[in-house]
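For reference, final31.txt (compact mmCIF, N, CA, C and O atoms):
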```
# COMPACT_ATOMS: atom_id res chain seq x y z
N MET A 1 53.56 -132.22 11.28
CA MET A 1 54.85 -132.86 11.43
C MET A 1 54.69 -134.36 11.64
O MET A 1 55.46 -135.14 11.12
N GLY A 2 53.69 -134.78 12.40
CA GLY A 2 53.48 -136.19 12.67
C GLY A 2 53.24 -137.00 11.42
O GLY A 2 53.68 -138.14 11.31
N GLN A 3 52.54 -136.42 10.45
CA GLN A 3 52.27 -137.12 9.20
C GLN A 3 53.57 -137.38 8.44
O GLN A 3 53.76 -138.44 7.87
N TRP A 4 54.49 -136.40 8.45
CA TRP A 4 55.78 -136.58 7.77
C TRP A 4 56.57 -137.70 8.41
O TRP A 4 57.14 -138.55 7.72
N VAL A 5 56.61 -137.73 9.72
CA VAL A 5 57.34 -138.77 10.43
C VAL A 5 56.75 -140.13 10.07
O VAL A 5 57.49 -141.09 9.82
N CYS A 6 55.44 -140.21 10.01
CA CYS A 6 54.77 -141.46 9.66
C CYS A 6 55.13 -141.88 8.24
O CYS A 6 55.42 -143.05 8.00
N LEU A 7 55.14 -140.94 7.29
CA LEU A 7 55.49 -141.27 5.90
C LEU A 7 56.93 -141.76 5.80
O LEU A 7 57.22 -142.73 5.11
N TYR A 8 57.84 -141.05 6.48
CA TYR A 8 59.24 -141.47 6.45
C TYR A 8 59.40 -142.86 7.05
O TYR A 8 60.14 -143.69 6.54
N ARG A 9 58.71 -143.11 8.13
CA ARG A 9 58.77 -144.42 8.79
C ARG A 9 58.23 -145.50 7.87
O ARG A 9 58.80 -146.59 7.75
N GLU A 10 57.09 -145.22 7.20
CA GLU A 10 56.50 -146.18 6.26
C GLU A 10 57.49 -146.50 5.14
O GLU A 10 57.65 -147.66 4.76
N ALA A 11 58.13 -145.48 4.58
CA ALA A 11 59.10 -145.70 3.50
C ALA A 11 60.27 -146.54 4.00
O ALA A 11 60.72 -147.47 3.33
N TRP A 12 60.78 -146.22 5.19
CA TRP A 12 61.89 -146.98 5.74
C TRP A 12 61.52 -148.43 5.96
O TRP A 12 62.27 -149.34 5.60
N GLU A 13 60.34 -148.69 6.53
CA GLU A 13 59.88 -150.06 6.76
C GLU A 13 59.78 -150.82 5.44
O GLU A 13 60.19 -151.98 5.34
N LYS A 14 59.23 -150.19 4.42
CA LYS A 14 59.06 -150.85 3.13
C LYS A 14 60.43 -151.13 2.50
O LYS A 14 60.65 -152.19 1.93
N ASN A 15 61.35 -150.19 2.59
CA ASN A 15 62.67 -150.34 1.97
C ASN A 15 63.53 -151.41 2.64
O ASN A 15 64.40 -152.00 2.01
N ARG A 16 63.28 -151.67 3.91
CA ARG A 16 64.07 -152.68 4.64
C ARG A 16 63.99 -154.05 4.00
O ARG A 16 64.92 -154.83 4.09
N HIS A 17 62.89 -154.35 3.34
CA HIS A 17 62.65 -155.69 2.82
C HIS A 17 62.76 -155.79 1.30
O HIS A 17 62.37 -156.80 0.73
N SER A 18 63.27 -154.77 0.66
CA SER A 18 63.32 -154.76 -0.80
C SER A 18 64.74 -154.49 -1.28
O SER A 18 65.45 -153.67 -0.71
N ARG A 19 65.10 -155.15 -2.36
CA ARG A 19 66.42 -154.89 -2.96
C ARG A 19 66.30 -154.15 -4.29
O ARG A 19 67.25 -153.55 -4.74
N LEU A 20 65.15 -154.23 -4.92
CA LEU A 20 64.98 -153.64 -6.24
C LEU A 20 64.15 -152.37 -6.22
O LEU A 20 64.48 -151.39 -6.87
N VAL A 21 63.06 -152.37 -5.47
CA VAL A 21 62.15 -151.24 -5.46
C VAL A 21 62.23 -150.56 -4.10
O VAL A 21 62.20 -151.21 -3.06
N GLY A 22 62.34 -149.23 -4.12
CA GLY A 22 62.37 -148.46 -2.89
C GLY A 22 61.33 -147.37 -2.92
O GLY A 22 60.76 -147.06 -3.97
N PHE A 23 61.08 -146.79 -1.77
CA PHE A 23 60.11 -145.70 -1.64
C PHE A 23 60.76 -144.57 -0.87
O PHE A 23 61.59 -144.79 0.00
N ARG A 24 60.37 -143.34 -1.21
CA ARG A 24 60.87 -142.16 -0.52
C ARG A 24 59.77 -141.12 -0.50
O ARG A 24 58.79 -141.22 -1.24
N VAL A 25 59.94 -140.12 0.34
CA VAL A 25 59.01 -139.00 0.39
C VAL A 25 59.69 -137.84 -0.31
O VAL A 25 60.82 -137.47 0.04
N ASP A 26 59.01 -137.26 -1.32
CA ASP A 26 59.62 -136.16 -2.07
C ASP A 26 59.39 -134.83 -1.33
O ASP A 26 58.78 -134.78 -0.26
N ALA A 27 59.88 -133.74 -1.90
CA ALA A 27 59.80 -132.42 -1.27
C ALA A 27 58.37 -131.94 -1.07
O ALA A 27 58.11 -131.10 -0.20
N ASP A 28 57.44 -132.48 -1.84
CA ASP A 28 56.03 -132.10 -1.72
C ASP A 28 55.25 -133.03 -0.79
O ASP A 28 54.03 -132.93 -0.69
N GLY A 29 55.94 -133.96 -0.14
CA GLY A 29 55.30 -134.85 0.81
C GLY A 29 54.62 -136.05 0.17
O GLY A 29 53.82 -136.71 0.81
N ARG A 30 54.94 -136.33 -1.08
CA ARG A 30 54.35 -137.48 -1.78
C ARG A 30 55.26 -138.69 -1.66
O ARG A 30 56.48 -138.56 -1.72
N MET A 31 54.65 -139.86 -1.51
CA MET A 31 55.41 -141.10 -1.50
C MET A 31 55.72 -141.45 -2.96
O MET A 31 54.82 -141.49 -3.80
N VAL A 32 56.99 -141.70 -3.25
CA VAL A 32 57.44 -141.96 -4.61
C VAL A 32 58.16 -143.32 -4.65
O VAL A 32 59.00 -143.59 -3.79
N ALA A 33 57.81 -144.14 -5.61
CA ALA A 33 58.48 -145.43 -5.80
C ALA A 33 59.63 -145.25 -6.80
O ALA A 33 59.53 -144.47 -7.74
N HIS A 34 60.70 -145.98 -6.57
CA HIS A 34 61.83 -145.93 -7.51
C HIS A 34 62.52 -147.29 -7.52
O HIS A 34 62.40 -148.08 -6.60
N GLY A 35 63.22 -147.55 -8.61
CA GLY A 35 63.95 -148.79 -8.74
C GLY A 35 65.37 -148.49 -9.18
O GLY A 35 65.64 -147.42 -9.70
N TRP A 36 66.25 -149.42 -8.93
CA TRP A 36 67.64 -149.23 -9.36
C TRP A 36 68.22 -150.55 -9.83
O TRP A 36 67.81 -151.62 -9.41
N THR A 37 69.15 -150.39 -10.76
CA THR A 37 69.86 -151.53 -11.31
C THR A 37 71.15 -151.00 -11.94
O THR A 37 71.19 -149.84 -12.37
N PRO A 38 72.20 -151.80 -12.00
CA PRO A 38 73.42 -151.33 -12.66
C PRO A 38 73.15 -151.02 -14.13
O PRO A 38 72.42 -151.74 -14.81
N LYS A 39 73.74 -149.93 -14.61
CA LYS A 39 73.54 -149.52 -16.01
C LYS A 39 74.39 -150.37 -16.97
O LYS A 39 73.96 -150.67 -18.08
N ASP A 40 75.57 -150.75 -16.54
CA ASP A 40 76.45 -151.55 -17.40
C ASP A 40 75.79 -152.87 -17.77
O ASP A 40 75.37 -153.63 -16.89
N GLY A 41 75.69 -153.12 -19.05
CA GLY A 41 75.12 -154.37 -19.54
C GLY A 41 73.61 -154.44 -19.45
O GLY A 41 73.03 -155.51 -19.66
N LEU A 42 72.95 -153.34 -19.12
CA LEU A 42 71.49 -153.34 -19.00
C LEU A 42 70.84 -153.52 -20.37
O LEU A 42 71.10 -152.76 -21.30
N THR A 43 70.02 -154.54 -20.48
CA THR A 43 69.31 -154.80 -21.73
C THR A 43 67.90 -154.20 -21.65
O THR A 43 67.42 -153.87 -20.56
N ALA A 44 67.26 -154.11 -22.78
CA ALA A 44 65.88 -153.61 -22.81
C ALA A 44 64.96 -154.50 -21.98
O ALA A 44 64.10 -154.00 -21.24
N ASP A 45 65.15 -155.80 -22.06
CA ASP A 45 64.33 -156.73 -21.28
C ASP A 45 64.54 -156.53 -19.78
O ASP A 45 63.57 -156.54 -19.00
N ALA A 46 65.78 -156.37 -19.36
CA ALA A 46 66.06 -156.16 -17.94
C ALA A 46 65.46 -154.84 -17.46
O ALA A 46 64.89 -154.76 -16.37
N PHE A 47 65.58 -153.79 -18.29
CA PHE A 47 65.00 -152.50 -17.93
C PHE A 47 63.48 -152.60 -17.78
O PHE A 47 62.91 -152.09 -16.82
N GLN A 48 62.83 -153.29 -18.71
CA GLN A 48 61.38 -153.46 -18.63
C GLN A 48 60.99 -154.25 -17.39
O GLN A 48 59.95 -153.97 -16.77
N THR A 49 61.80 -155.20 -16.99
CA THR A 49 61.53 -155.96 -15.76
C THR A 49 61.56 -155.05 -14.54
O THR A 49 60.70 -155.14 -13.67
N VAL A 50 62.54 -154.15 -14.49
CA VAL A 50 62.64 -153.21 -13.38
C VAL A 50 61.43 -152.27 -13.37
O VAL A 50 60.82 -152.04 -12.32
N VAL A 51 61.07 -151.75 -14.53
CA VAL A 51 59.93 -150.83 -14.62
C VAL A 51 58.65 -151.53 -14.17
O VAL A 51 57.86 -150.96 -13.40
N ARG A 52 58.45 -152.75 -14.62
CA ARG A 52 57.24 -153.49 -14.21
C ARG A 52 57.25 -153.77 -12.71
O ARG A 52 56.21 -153.71 -12.05
N ALA A 53 58.40 -154.08 -12.15
CA ALA A 53 58.49 -154.35 -10.72
C ALA A 53 58.16 -153.09 -9.92
O ALA A 53 57.43 -153.15 -8.92
N VAL A 54 58.66 -151.94 -10.35
CA VAL A 54 58.36 -150.68 -9.67
C VAL A 54 56.86 -150.40 -9.75
O VAL A 54 56.23 -150.06 -8.74
N ALA A 55 56.27 -150.56 -10.92
CA ALA A 55 54.83 -150.31 -11.09
C ALA A 55 54.01 -151.25 -10.21
O ALA A 55 53.06 -150.83 -9.54
N ARG A 56 54.38 -152.51 -10.20
CA ARG A 56 53.63 -153.51 -9.42
C ARG A 56 53.71 -153.20 -7.92
O ARG A 56 52.70 -153.21 -7.21
N GLU A 57 54.91 -152.90 -7.43
CA GLU A 57 55.08 -152.61 -6.01
C GLU A 57 54.41 -151.30 -5.62
O GLU A 57 53.85 -151.18 -4.53
N ALA A 58 54.46 -150.30 -6.51
CA ALA A 58 53.79 -149.02 -6.23
C ALA A 58 52.28 -149.23 -6.14
O ALA A 58 51.63 -148.69 -5.23
N ASP A 59 51.72 -150.00 -7.05
CA ASP A 59 50.28 -150.30 -7.00
C ASP A 59 49.92 -151.05 -5.73
O ASP A 59 48.93 -150.74 -5.07
N ARG A 60 50.72 -152.03 -5.39
CA ARG A 60 50.45 -152.82 -4.19
C ARG A 60 50.52 -151.96 -2.93
O ARG A 60 49.66 -152.02 -2.06
N TYR A 61 51.53 -151.11 -2.85
CA TYR A 61 51.69 -150.26 -1.68
C TYR A 61 50.60 -149.19 -1.61
O TYR A 61 50.11 -148.86 -0.52
N GLU A 62 50.21 -148.66 -2.76
CA GLU A 62 49.11 -147.69 -2.79
C GLU A 62 47.85 -148.33 -2.20
O GLU A 62 47.15 -147.72 -1.38
N PHE A 63 47.59 -149.55 -2.57
CA PHE A 63 46.41 -150.24 -2.04
C PHE A 63 46.54 -150.47 -0.54
O PHE A 63 45.58 -150.29 0.21
N GLN A 64 47.73 -150.86 -0.08
CA GLN A 64 47.94 -151.06 1.36
C GLN A 64 47.71 -149.78 2.16
O GLN A 64 47.16 -149.80 3.25
N LEU A 65 48.16 -148.65 1.61
CA LEU A 65 48.06 -147.38 2.33
C LEU A 65 46.67 -146.78 2.25
O LEU A 65 46.21 -146.16 3.22
N THR A 66 45.99 -146.92 1.12
CA THR A 66 44.74 -146.19 0.90
C THR A 66 43.51 -147.07 0.80
O THR A 66 42.40 -146.58 0.94
N GLY A 67 43.70 -148.35 0.48
CA GLY A 67 42.56 -149.22 0.25
C GLY A 67 41.96 -149.03 -1.13
O GLY A 67 40.95 -149.63 -1.47
N ALA A 68 42.58 -148.18 -1.95
CA ALA A 68 42.09 -147.90 -3.31
C ALA A 68 43.19 -148.21 -4.32
O ALA A 68 44.36 -148.11 -4.01
N ASP A 69 42.79 -148.55 -5.53
CA ASP A 69 43.73 -148.80 -6.62
C ASP A 69 43.32 -147.94 -7.80
O ASP A 69 42.48 -148.31 -8.60
N ARG A 70 43.90 -146.73 -7.84
CA ARG A 70 43.57 -145.80 -8.94
C ARG A 70 44.43 -146.13 -10.14
O ARG A 70 45.62 -146.39 -10.04
N ARG A 71 43.83 -146.13 -11.29
CA ARG A 71 44.57 -146.41 -12.53
C ARG A 71 44.49 -145.24 -13.46
O ARG A 71 43.65 -144.48 -13.52
```

Final structure tokens representation of the file:
Amino acid sequence: MGQWVCLYREAWEKNRHSRLVGFRVDADGRMVAHGWTPKDGLTADAFQTVVRAVAREADRYEFQLTGADRR
């Protein structure tokens, strides 16, 4: 149970400082990165920017949590 509380707390701390990329714990206990943006008027370039931001933040956070960067 303590590990779950720690993961939820980590996700909450990370989400406090972000407007585009967020983190959550899924039903299997995995930390998952996600991004959001309004769909109306979304261009391919804007969508790619969001995807890249999510990937970059997920990689950065993975390194902070584990000390490893798996590709």

**Study point:** DSSP strand (DSSP E) residues within stretch 28-70 of chain A, listed as a list in words
**Key:** Met31, Val32, Ala33, His34 and Gly35 of chain A

Selected residues, N, CA, C and O atoms, written as a PDB file, in the frame of the given file, please.
```
ATOM      1  N   MET A  31      54.650-139.860  -1.510  1.00  0.00           N
ATOM      2  CA  MET A  31      55.410-141.100  -1.500  1.00  0.00           C
ATOM      3  C   MET A  31      55.720-141.450  -2.960  1.00  0.00           C
ATOM      4  O   MET A  31      54.820-141.490  -3.800  1.00  0.00           O
ATOM      5  N   VAL A  32      56.990-141.700  -3.250  1.00  0.00           N
ATOM      6  CA  VAL A  32      57.440-141.960  -4.610  1.00  0.00           C
ATOM      7  C   VAL A  32      58.160-143.320  -4.650  1.00  0.00           C
ATOM      8  O   VAL A  32      59.000-143.590  -3.790  1.00  0.00           O
ATOM      9  N   ALA A  33      57.810-144.140  -5.610  1.00  0.00           N
ATOM     10  CA  ALA A  33      58.480-145.430  -5.800  1.00  0.00           C
ATOM     11  C   ALA A  33      59.630-145.250  -6.800  1.00  0.00           C
ATOM     12  O   ALA A  33      59.530-144.470  -7.740  1.00  0.00           O
ATOM     13  N   HIS A  34      60.700-145.980  -6.570  1.00  0.00           N
ATOM     14  CA  HIS A  34      61.830-145.930  -7.510  1.00  0.00           C
ATOM     15  C   HIS A  34      62.520-147.290  -7.520  1.00  0.00           C
ATOM     16  O   HIS A  34      62.400-148.080  -6.600  1.00  0.00           O
ATOM     17  N   GLY A  35      63.220-147.550  -8.610  1.00  0.00           N
ATOM     18  CA  GLY A  35      63.950-148.790  -8.740  1.00  0.00           C
ATOM     19  C   GLY A  35      65.370-148.490  -9.180  1.00  0.00           C
ATOM     20  O   GLY A  35      65.640-147.420  -9.700  1.00  0.00           O
TER      21      GLY A  35
END
```

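The space between atom N of A:Phe23 and atom N of A:Thr66 spans 15.4 Å.
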
Study note, to complete from the structure: Between atom CA of A:Glu13 and atom CA of A:Lys39 lies a distance of 26.6 Å

Exercise for review: Have a look at A:Leu20, A:Asp28, A:Gly67, A:Ala11 and name the one nearest to A:Val50; count all atoms listed in the file.
Suggested key: A:Leu20

Point to revise | atom O of A:Arg56 to atom O of A:Arg30, distance in Å rounded to a single decimal | key: 16.1 Å

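Counting all atoms listed in the file, the residue from A:Glu10, A:Arg70, A:Ala44, A:Thr37 that sits nearest to A:Arg24 is A:Glu10.
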
**Study point:** Residues flagged alpha helix (DSSP H) by DSSP in stretch 26-60 of chain A, as a VMD selection string
**Key:** chain A and resid 44 to 60

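Nearest-residue note for A:Ala33: choosing from A:Thr49, A:Trp12, A:Ala58, A:Leu65, the minimum distance belongs to A:Ala58, counting all atoms listed in the file.
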
Review point. Which neighbours of A:Phe47 fall inside 12 Å, counting only C-alpha atoms, when residues of the same chain fewer than 4 positions from it are skipped, and could you give them as a PyMOL selection string?
Key: chain A and resi 20+35-43+51-54
